[in-house]
Protein chains: 2
Amino acid sequence: MSMRKIGFIGLGVMGAPMADNLVKAGFDVAGHTRRRDGTDRLVAAGGRRAATITEAVRGADAVITMLPDSPDVTAVMHGPDGVIRHAAPGALIIDMSTVSPETARLVAAAAGAASLQALDAPVSGGEQGAIEATLSIMVGGAAGAFERARPIFEALGTTIVHVGPVGSGQLVKAANQLVVAGTIELVAEAIVLLEASGVDAALGLEVLGGGLAGSTVLARKGAAMRERRFAPGFRVDLHHKDLGIVLDAARTAKVALPLGELVAQLMEAVREMGHGSLDHGVLLRGVEQLSGRNR
Amino acid sequence: MSMRKIGFIGLGVMGAPMADNLVKAGFDVAGHTRRRDGTDRLVAAGGRRAATITEAVRGADAVITMLPDSPDVTAVMHGPDGVIRHAAPGALIIDMSTVSPETARLVAAAAGAASLQALDAPVSGGEQGAIEATLSIMVGGAAGAFERARPIFEALGTTIVHVGPVGSGQLVKAANQLVVAGTIELVAEAIVLLEASGVDAALGLEVLGGGLAGSTVLARKGAAMRERRFAPGFRVDLHHKDLGIVLDAARTAKVALPLGELVAQLMEAVREMGHGSLDHGVLLRGVEQLSGRNR
């Protein structure tokens, strides 16, 4: 079955540019989102508006979901008006949201029972990666389903890796979110230490970036954090949700993640400080708060 | 005063190749180290053996120290047979060891009282960077002294940044060691989480490296950590010492470093597990230990 018609559900900060890129790559995209005007952009780009999930899914070769959290995916997939009930036989269900591995396994089980294939394919690279079609895509599921989906992924990203069976994509994404949150916190601690010691943090970060302390976080976010520019980007609320997935996955796998546990608490703390809608770089404000350096 | 004659004290894993590179760059290098045969390599490279600190220092335009810890630097600098007492008037004292900012300030004060200039100029980049003359060098001290030392630094490294007054170099190095230790621990936690969840960690790390979770630690050490290759590299004992400097600096600056404090404890733990002489990547063994996954 060729991949031509795509139902795309969830046209938010990430989903909207991803759907655009699928249209650009020649796919016939029917988009659905809860916001009334949420499909205007897709229609302008050459896609179609689907008033309901059922309409988006009807006749689609593949259905992509890009939703905020596990309960959203569960509702959109398993409801009586949901994806699994209404997808065409043989259709490929690709959930690109960041949700728990358990949610991914439940979707795959229900899909299998309905003669559908399912992949969990969360992404990293943020809004910019979505716009520029340079996302990293980590894919869990059967090899055959992955190969069917490849033309879709190639329209969305540049690093596309089949990491294992169903749920594996979400586990790799969880590991990704653990490392990203921790690295942001480390850069924040370094900035506050340098500043509080009277050292020019810009010069300090320049040196760090050239050595073993270098990271993509430091390169992309170091200057904004130093300058206290916290417009998202990736919101604390979402990263907080993702760290919940990380800790659940750790508990399921029976592993201790000392830095992971602590950075989850620190993310919670900046959220409680009222920074939930700011970029996760605002972890720096938490370090300042703990150090009595609020300003 | 031109820079031609250099006294080099401390010809260990880092110091020996650095002294070689100074000889290659045309400097007249007199090397001293405590080990009896420790100067053989330098002599073979075209340098001179100094039997004592006094002999290394005599007539030198610049004196470089590359020693394990603050007490070593204090002894070599301030003793009756030490660098400051015996350096030629106007000589430049460059301590490239990783020591506390306080040690750097005491050296600079004593040097100033003896009509000498002093720089703290710790490095990152490890043995490989020392051999290849690609070190990052973070320099604290007066701008004039930094300019005098520039030809020396250019023979040793590629990223050379004057970060501020005396002690600033050590503070930036402390921030560097904080970020490096934390990043290694994060990569370790990611590997153990993936493995314990039955996901191929090699594939997982490949995806992480392509996105916001990417880091120099992951690129250079990820595979070795996954494969449990822990030959140093940079030893736990030394990183443990450096994290003591980080926590002292934080206390002096009155800042809280939640991840810094925790990773210092985890470094201590792997040291107590008997891994002090292994590469700091062995933090992974600590995560396994905490997770009951010893093997």
# chains A, B, ... in the order shown; residues from 1 in each chain; ligands from 1
>>> interface_residues(of="chain B", to="chain A", cutoff="7 Å", atoms="only C-alpha atoms", output="mmCIF file with N, CA, C and O atoms, in the first residue's frame")
data_model
loop_
_atom_site.group_PDB
_atom_site.id
_atom_site.type_symbol
_atom_site.label_atom_id
_atom_site.label_comp_id
_atom_site.auth_asym_id
_atom_site.auth_seq_id
_atom_site.Cartn_x
_atom_site.Cartn_y
_atom_site.Cartn_z
ATOM 1 N N SER B 124 41.660 22.543 29.460
ATOM 2 C CA SER B 124 40.842 21.345 29.264
ATOM 3 C C SER B 124 41.178 20.774 27.900
ATOM 4 O O SER B 124 41.756 21.444 27.060
ATOM 5 N N GLY B 125 40.825 19.516 27.726
ATOM 6 C CA GLY B 125 41.151 18.841 26.468
ATOM 7 C C GLY B 125 41.899 17.543 26.700
ATOM 8 O O GLY B 125 42.053 16.738 25.788
ATOM 9 N N SER B 136 42.150 23.724 25.344
ATOM 10 C CA SER B 136 41.478 24.984 25.657
ATOM 11 C C SER B 136 42.168 25.544 26.895
ATOM 12 O O SER B 136 42.365 24.819 27.877
ATOM 13 N N MET B 138 42.116 28.609 29.734
ATOM 14 C CA MET B 138 41.308 29.686 30.319
ATOM 15 C C MET B 138 42.191 30.449 31.282
ATOM 16 O O MET B 138 42.685 29.899 32.258
ATOM 17 N N THR B 159 42.021 27.001 21.706
ATOM 18 C CA THR B 159 41.062 27.944 22.276
ATOM 19 C C THR B 159 41.745 28.626 23.454
ATOM 20 O O THR B 159 42.007 27.987 24.474
ATOM 21 N N VAL B 161 41.551 31.900 25.895
ATOM 22 C CA VAL B 161 40.677 33.012 26.262
ATOM 23 C C VAL B 161 41.113 33.632 27.587
ATOM 24 O O VAL B 161 41.271 32.928 28.600
ATOM 25 N N VAL B 163 39.929 35.291 30.513
ATOM 26 C CA VAL B 163 38.567 35.363 31.057
ATOM 27 C C VAL B 163 38.405 36.390 32.170
ATOM 28 O O VAL B 163 37.285 36.663 32.588
ATOM 29 N N GLY B 164 39.506 36.984 32.666
ATOM 30 C CA GLY B 164 39.360 37.997 33.717
ATOM 31 C C GLY B 164 40.584 38.062 34.603
ATOM 32 O O GLY B 164 41.647 37.536 34.250
ATOM 33 N N SER B 168 40.254 33.939 37.858
ATOM 34 C CA SER B 168 39.145 33.701 36.917
ATOM 35 C C SER B 168 39.344 32.445 36.082
ATOM 36 O O SER B 168 38.378 31.749 35.757
ATOM 37 N N LEU B 171 38.237 29.617 38.096
ATOM 38 C CA LEU B 171 36.779 29.571 38.246
ATOM 39 C C LEU B 171 36.112 29.011 36.999
ATOM 40 O O LEU B 171 35.160 28.223 37.087
ATOM 41 N N VAL B 172 36.608 29.411 35.837
ATOM 42 C CA VAL B 172 36.042 28.868 34.591
ATOM 43 C C VAL B 172 36.341 27.374 34.500
ATOM 44 O O VAL B 172 35.491 26.587 34.089
ATOM 45 N N ALA B 175 33.862 25.622 36.629
ATOM 46 C CA ALA B 175 32.569 25.518 35.935
ATOM 47 C C ALA B 175 32.630 24.425 34.874
ATOM 48 O O ALA B 175 31.678 23.663 34.687
ATOM 49 N N ASN B 176 33.764 24.331 34.203
ATOM 50 C CA ASN B 176 33.959 23.297 33.188
ATOM 51 C C ASN B 176 33.855 21.903 33.800
ATOM 52 O O ASN B 176 33.150 21.022 33.276
ATOM 53 N N VAL B 179 30.295 20.961 34.704
ATOM 54 C CA VAL B 179 29.465 20.596 33.551
ATOM 55 C C VAL B 179 29.886 19.242 32.985
ATOM 56 O O VAL B 179 29.036 18.412 32.634
ATOM 57 N N VAL B 180 31.191 18.979 32.940
ATOM 58 C CA VAL B 180 31.665 17.705 32.395
ATOM 59 C C VAL B 180 31.198 16.541 33.267
ATOM 60 O O VAL B 180 30.650 15.549 32.762
ATOM 61 N N GLY B 182 28.703 16.386 35.351
ATOM 62 C CA GLY B 182 27.258 16.241 35.259
ATOM 63 C C GLY B 182 26.825 15.618 33.943
ATOM 64 O O GLY B 182 25.924 14.772 33.918
ATOM 65 N N THR B 183 27.475 16.025 32.866
ATOM 66 C CA THR B 183 27.089 15.485 31.552
ATOM 67 C C THR B 183 27.418 13.996 31.466
ATOM 68 O O THR B 183 26.632 13.210 30.924
ATOM 69 N N LEU B 186 24.745 12.183 33.306
ATOM 70 C CA LEU B 186 23.493 12.146 32.538
ATOM 71 C C LEU B 186 23.557 11.093 31.435
ATOM 72 O O LEU B 186 22.595 10.346 31.217
ATOM 73 N N VAL B 187 24.681 11.036 30.739
ATOM 74 C CA VAL B 187 24.833 10.024 29.683
ATOM 75 C C VAL B 187 24.790 8.629 30.307
ATOM 76 O O VAL B 187 24.170 7.706 29.765
ATOM 77 N N GLU B 189 23.210 7.739 33.060
ATOM 78 C CA GLU B 189 21.826 7.430 33.438
ATOM 79 C C GLU B 189 20.999 7.077 32.202
ATOM 80 O O GLU B 189 20.160 6.160 32.244
ATOM 81 N N ALA B 190 21.232 7.767 31.103
ATOM 82 C CA ALA B 190 20.505 7.466 29.860
ATOM 83 C C ALA B 190 20.833 6.057 29.373
ATOM 84 O O ALA B 190 19.938 5.297 28.983
ATOM 85 N N LEU B 193 19.200 3.481 31.694
ATOM 86 C CA LEU B 193 17.745 3.468 31.481
ATOM 87 C C LEU B 193 17.396 2.722 30.188
ATOM 88 O O LEU B 193 16.479 1.885 30.173
ATOM 89 N N LEU B 194 18.115 3.013 29.122
ATOM 90 C CA LEU B 194 17.824 2.347 27.843
ATOM 91 C C LEU B 194 18.068 0.847 27.950
ATOM 92 O O LEU B 194 17.218 0.035 27.551
ATOM 93 N N ALA B 196 18.219 -1.104 30.595
ATOM 94 C CA ALA B 196 17.306 -1.771 31.526
ATOM 95 C C ALA B 196 15.897 -1.874 30.940
ATOM 96 O O ALA B 196 15.096 -2.700 31.372
ATOM 97 N N SER B 197 15.599 -1.021 29.960
ATOM 98 C CA SER B 197 14.292 -1.057 29.302
ATOM 99 C C SER B 197 14.302 -1.935 28.058
ATOM 100 O O SER B 197 13.292 -2.022 27.352
ATOM 101 N N VAL B 199 16.131 -1.485 25.333
ATOM 102 C CA VAL B 199 16.322 -0.731 24.096
ATOM 103 C C VAL B 199 17.808 -0.724 23.742
ATOM 104 O O VAL B 199 18.665 -0.629 24.623
ATOM 105 N N ASP B 200 18.117 -0.821 22.467
ATOM 106 C CA ASP B 200 19.495 -0.803 21.991
ATOM 107 C C ASP B 200 20.102 0.576 22.285
ATOM 108 O O ASP B 200 19.751 1.575 21.653
ATOM 109 N N LEU B 203 21.851 2.574 19.361
ATOM 110 C CA LEU B 203 20.911 3.300 18.495
ATOM 111 C C LEU B 203 20.343 4.515 19.221
ATOM 112 O O LEU B 203 20.207 5.590 18.646
ATOM 113 N N GLY B 204 20.024 4.329 20.490
ATOM 114 C CA GLY B 204 19.464 5.436 21.266
ATOM 115 C C GLY B 204 20.432 6.607 21.349
ATOM 116 O O GLY B 204 20.049 7.756 21.115
ATOM 117 N N VAL B 207 20.653 8.704 18.189
ATOM 118 C CA VAL B 207 19.602 9.720 18.039
ATOM 119 C C VAL B 207 19.873 10.906 18.962
ATOM 120 O O VAL B 207 19.789 12.067 18.546
ATOM 121 N N LEU B 208 20.194 10.615 20.228
ATOM 122 C CA LEU B 208 20.433 11.701 21.182
ATOM 123 C C LEU B 208 21.532 12.635 20.686
ATOM 124 O O LEU B 208 21.433 13.858 20.830
ATOM 125 N N GLY B 210 22.269 13.525 17.786
ATOM 126 C CA GLY B 210 21.876 14.371 16.667
ATOM 127 C C GLY B 210 20.961 15.522 17.058
ATOM 128 O O GLY B 210 20.658 16.374 16.225
ATOM 129 N N GLY B 211 20.540 15.578 18.311
ATOM 130 C CA GLY B 211 19.578 16.595 18.727
ATOM 131 C C GLY B 211 20.083 17.444 19.885
ATOM 132 O O GLY B 211 21.293 17.549 20.108
ATOM 133 N N LEU B 212 19.141 18.007 20.627
ATOM 134 C CA LEU B 212 19.477 18.929 21.714
ATOM 135 C C LEU B 212 20.206 18.213 22.857
ATOM 136 O O LEU B 212 20.844 18.846 23.691
ATOM 137 N N ALA B 213 20.134 16.877 22.887
ATOM 138 C CA ALA B 213 20.839 16.112 23.919
ATOM 139 C C ALA B 213 22.302 15.866 23.557
ATOM 140 O O ALA B 213 23.048 15.270 24.334
ATOM 141 N N GLY B 214 22.711 16.324 22.381
ATOM 142 C CA GLY B 214 24.080 16.092 21.936
ATOM 143 C C GLY B 214 25.098 16.848 22.780
ATOM 144 O O GLY B 214 24.820 17.929 23.288
ATOM 145 N N SER B 215 26.269 16.250 22.941
ATOM 146 C CA SER B 215 27.342 16.884 23.715
ATOM 147 C C SER B 215 28.674 16.289 23.290
ATOM 148 O O SER B 215 28.733 15.208 22.701
ATOM 149 N N THR B 216 29.723 17.004 23.648
ATOM 150 C CA THR B 216 31.064 16.486 23.370
ATOM 151 C C THR B 216 31.314 15.225 24.197
ATOM 152 O O THR B 216 31.948 14.277 23.719
ATOM 153 N N VAL B 217 30.798 15.190 25.424
ATOM 154 C CA VAL B 217 30.917 13.988 26.254
ATOM 155 C C VAL B 217 30.289 12.789 25.551
ATOM 156 O O VAL B 217 30.901 11.719 25.447
ATOM 157 N N ALA B 250 31.673 27.426 45.000
ATOM 158 C CA ALA B 250 30.246 27.722 45.156
ATOM 159 C C ALA B 250 29.966 28.298 46.543
ATOM 160 O O ALA B 250 29.211 29.260 46.700
ATOM 161 N N ALA B 253 31.197 31.814 46.713
ATOM 162 C CA ALA B 253 30.340 32.727 45.946
ATOM 163 C C ALA B 253 28.907 32.733 46.472
ATOM 164 O O ALA B 253 28.074 33.487 45.975
ATOM 165 N N LYS B 254 28.637 31.889 47.459
ATOM 166 C CA LYS B 254 27.293 31.801 48.044
ATOM 167 C C LYS B 254 26.239 31.412 47.029
ATOM 168 O O LYS B 254 25.194 32.052 46.912
ATOM 169 N N VAL B 255 26.525 30.366 46.266
ATOM 170 C CA VAL B 255 25.516 29.837 45.347
ATOM 171 C C VAL B 255 25.299 28.353 45.624
ATOM 172 O O VAL B 255 26.199 27.648 46.084
ATOM 173 N N ALA B 256 24.076 27.913 45.365
ATOM 174 C CA ALA B 256 23.716 26.500 45.484
ATOM 175 C C ALA B 256 23.813 25.863 44.102
ATOM 176 O O ALA B 256 23.324 26.423 43.127
ATOM 177 N N LEU B 257 24.457 24.705 44.046
ATOM 178 C CA LEU B 257 24.588 23.976 42.788
ATOM 179 C C LEU B 257 23.989 22.587 42.985
ATOM 180 O O LEU B 257 24.726 21.631 43.272
ATOM 181 N N LEU B 259 22.770 20.084 41.119
ATOM 182 C CA LEU B 259 23.341 18.971 40.356
ATOM 183 C C LEU B 259 24.839 18.835 40.632
ATOM 184 O O LEU B 259 25.369 17.719 40.685
ATOM 185 N N VAL B 287 25.694 4.225 38.673
ATOM 186 C CA VAL B 287 24.272 4.126 38.335
ATOM 187 C C VAL B 287 23.838 2.664 38.363
ATOM 188 O O VAL B 287 22.764 2.332 38.884
ATOM 189 N N LEU B 290 23.544 1.567 42.037
ATOM 190 C CA LEU B 290 22.323 2.087 42.658
ATOM 191 C C LEU B 290 21.088 1.352 42.157
ATOM 192 O O LEU B 290 20.052 1.330 42.822
ATOM 193 N N SER B 291 21.196 0.791 40.948
ATOM 194 C CA SER B 291 20.052 0.131 40.324
ATOM 195 C C SER B 291 20.112 -1.378 40.465
ATOM 196 O O SER B 291 19.300 -2.092 39.869
#
>>> select_by_dssp(residues="region 21-259 of chain B", states="helix (DSSP H, G or I)", output="NGL selection string")
:B and (21-24 or 40-45 or 53-57 or 70-78 or 83-86 or 101-113 or 126-132 or 143-154 or 168-196 or 201-209 or 216-226 or 236-253 or 258-259)
>>> select_by_dssp(residues="region 8-149 of chain B", states="strand (DSSP E)", output="list in words")
Phe8, Ile9, Asp28, Val29, Ala30, Gly31, His32, Arg48, Arg49, Ala62, Val63, Ile64, Thr65, Leu92, Ile93, Ile94, Asp95, Gln117, Ala118, Leu119, Asp120, Val123, Ser124, Leu135, Ser136, Ile137, Met138, Val139 and Gly140 of chain B
>>> residues_around(residues="His240 (chain B)", least_positions_apart="3", cutoff="8 Å", atoms="only C-alpha atoms", output="list in words")
Val236, Asp237, Leu243, Gly244, Ala264, Met267 and Glu268 of chain B
